[in-house]
Amino acid sequence: MPSPNGSATSAEAEAEADADAEAGAEAAAAQDENSATASTSSGGRRRIWEGKDLGAALALAVKEEELKRTRTYVCEAAQNLACVITHELPIDPVTAEDGFFYEEREIKEWIRRKKANGQVLTSPRTNAPMGTNLFPAIQVRDTIRELVSNGVIDGELAEQWKKSMDDREKVEKTKKMAEDGDVNSMLELGKCYEHGSFGLLSSNEEAYKWYKRAADLKDTQAMAKAGWMLVQGAGVAKCVGHGVLLTTSAAERGSDYACDSLGRWYQDGLHSISGPCYSMPAIPRDRKEAIYWYRRATDGSCSVQHMASEDLKRAKANLQELEAKEIEHGAVP
């Protein structure tokens, strides 16, 4: 039989186990409740926090939209600063007597052309008569520079202004090198002025000046260009004799451009060759000589090739025409 004391001890142990289990269950329930409360509280805080983010995002979006509208207004207003002739932001803005802004070189060229054609000077904007006075628009220049540099003015207007500024820097650098005696820079300046590139107005006078300086240093391309301009009287007093000699020298040095020039002169003939510095017999029309020089210009044998593609095409067409005439007259080209 079990001992009475043993039964009591077992009952007490069971009671303690039940109490411990109940306490554990209560603790677990309390923990679950606390977790749920914490979760609810955390979610609420998260929703509140997310609500604050949404509000900030909305405020930022509104501010960005306002900035976008402001930039649009500024860019539209910048059109009023653009040169009336080029429709671009000027690098050297001036105010004319009509009250509008212009790129200085463009309005000066406008005035020059009007005078050269004997026309009444009129405003490019209003077409009303105006005077020749031009006034530097320094504040406009500085404002444009500031707005573009800070990105307030963007788009095509700003990009073109930046390109014009880059072109100016390149030209200034090239001019300095040319003044210091660099023959390649002299040649490049001649080309820029001849074709009106890199923001420079086309000027035969300036082109010849730089071609001549390079030709004096025996640059073959410059000799060919200066020779042609002397014969034509382009940018310099016409002096055909000197031009022919200079062109012939360039052709002998391998210039395809000079060979083409001689081909054209022998094809058409040069008449009344005279000038303040030379007087020599005219170049008569000579088909064989023209063919000879055209062949040299077009067969790729010249060491200095600087003909434009359209000139090369024309020279080839002229050569074919002359060779056909030679065959027609029983001569072997």
# chains A, B, ... in the order shown; residues from 1 in each chain; ligands from 1
call {"tool": "residues_around", "arguments": {"residues": "region 252-259 of chain A", "least_positions_apart": "5", "cutoff": "6 Å", "atoms": "only C-alpha atoms", "output": "count of residues only"}}
result
9
call {"tool": "residues_around", "arguments": {"residues": "Arg105 (chain A)", "least_positions_apart": "4", "cutoff": "10 Å", "atoms": "only C-alpha atoms", "output": "number ranges by chain"}}
result
A: 90-94, 109-111, 199-201
call {"tool": "residues_around", "arguments": {"residues": "Asp167 (chain A)", "least_positions_apart": "2", "cutoff": "12 Å", "atoms": "only C-alpha atoms", "output": "list in words"}}
result
Ile91, Gln160, Trp161, Lys162, Lys163, Ser164, Met165, Glu169, Lys170, Val171, Glu172, Lys173, Thr174, Cys192, Gly196, Ser197, Phe198, Gly199 and Leu200 of chain A
call {"tool": "residues_around", "arguments": {"residues": "region 128-133 of chain A", "least_positions_apart": "2", "cutoff": "9 Å", "atoms": "only C-alpha atoms", "output": "list of chain:residue names"}}
result
A:Thr95, A:Ala96, A:Glu97, A:Asp98, A:Lys108, A:Ile111, A:Val120, A:Leu121, A:Thr122, A:Ser123, A:Pro124, A:Arg125, A:Thr126, A:Phe135
call {"tool": "residues_around", "arguments": {"residues": "Leu322 (chain A)", "least_positions_apart": "5", "cutoff": "12 Å", "atoms": "only C-alpha atoms", "output": "list in words"}}
result
Gly263, Arg264, Tyr266, Gln267, Asp268, Arg285, Asp286, Arg287, Lys288, Glu289, Ala290, Ile291, Tyr292, Trp293, Tyr294, Arg295, Ala315, Lys316, Ala317, Ile327, Glu328, His329, Ala331, Val332 and Pro333 of chain A
call {"tool": "residues_around", "arguments": {"residues": "Ser149 (chain A)", "least_positions_apart": "4", "cutoff": "12 Å", "atoms": "only C-alpha atoms", "output": "PyMOL selection string"}}
result
chain A and resi 142-145+153-154+158-159+161-162+165
call {"tool": "write_last_selection", "arguments": {"atoms": "C-alpha atoms", "output": "PDB file, in the first residue's frame"}}
result
ATOM      1  CA  ASP A 142      26.071  89.700 -68.558  1.00  0.00           C
ATOM      2  CA  THR A 143      22.468  88.645 -67.859  1.00  0.00           C
ATOM      3  CA  ILE A 144      22.494  86.119 -70.689  1.00  0.00           C
ATOM      4  CA  ARG A 145      25.808  84.706 -69.509  1.00  0.00           C
ATOM      5  CA  ILE A 153      17.828  79.316 -69.675  1.00  0.00           C
ATOM      6  CA  ASP A 154      18.103  75.908 -71.300  1.00  0.00           C
ATOM      7  CA  ALA A 158      21.220  77.927 -74.489  1.00  0.00           C
ATOM      8  CA  GLU A 159      22.942  75.199 -76.509  1.00  0.00           C
ATOM      9  CA  TRP A 161      24.847  80.229 -77.206  1.00  0.00           C
ATOM     10  CA  LYS A 162      27.307  77.761 -75.675  1.00  0.00           C
ATOM     11  CA  MET A 165      31.030  80.852 -77.128  1.00  0.00           C
TER      12      MET A 165
END
call {"tool": "closest_residue", "arguments": {"among": "A:Glu206, A:Asp311, A:Glu156, A:Glu323", "to": "His87 (chain A)", "atoms": "only C-alpha atoms"}}
result
A:Glu156
call {"tool": "closest_residue", "arguments": {"among": "A:Val84, A:Gln119, A:Glu205, A:Thr220", "to": "Glu104 (chain A)", "atoms": "only C-alpha atoms"}}
result
A:Val84
call {"tool": "residues_around", "arguments": {"residues": "Ala215 (chain A)", "least_positions_apart": "4", "cutoff": "9 Å", "atoms": "only C-alpha atoms", "output": "list of chain:residue names"}}
result
A:Val183, A:Leu187, A:Trp210, A:Tyr211, A:Asp219, A:Thr220, A:Gln221, A:Ala222, A:Met223, A:Ala224, A:Lys225, A:Ala226, A:Leu246
call {"tool": "select_by_dssp", "arguments": {"residues": "region 135-315 of chain A", "states": "helix (DSSP H, G or I)", "output": "ChimeraX atom specification"}}
result
/A:138-149,155-179,183-195,204-216,220-232,240-252,256-268,287-298,309-315
call {"tool": "select_by_dssp", "arguments": {"residues": "region 77-129 of chain A", "states": "strand (DSSP E)", "output": "list in words"}}
result
Pro93, Val94, Thr95, Ala96, Phe101, Tyr102 and Glu103 of chain A
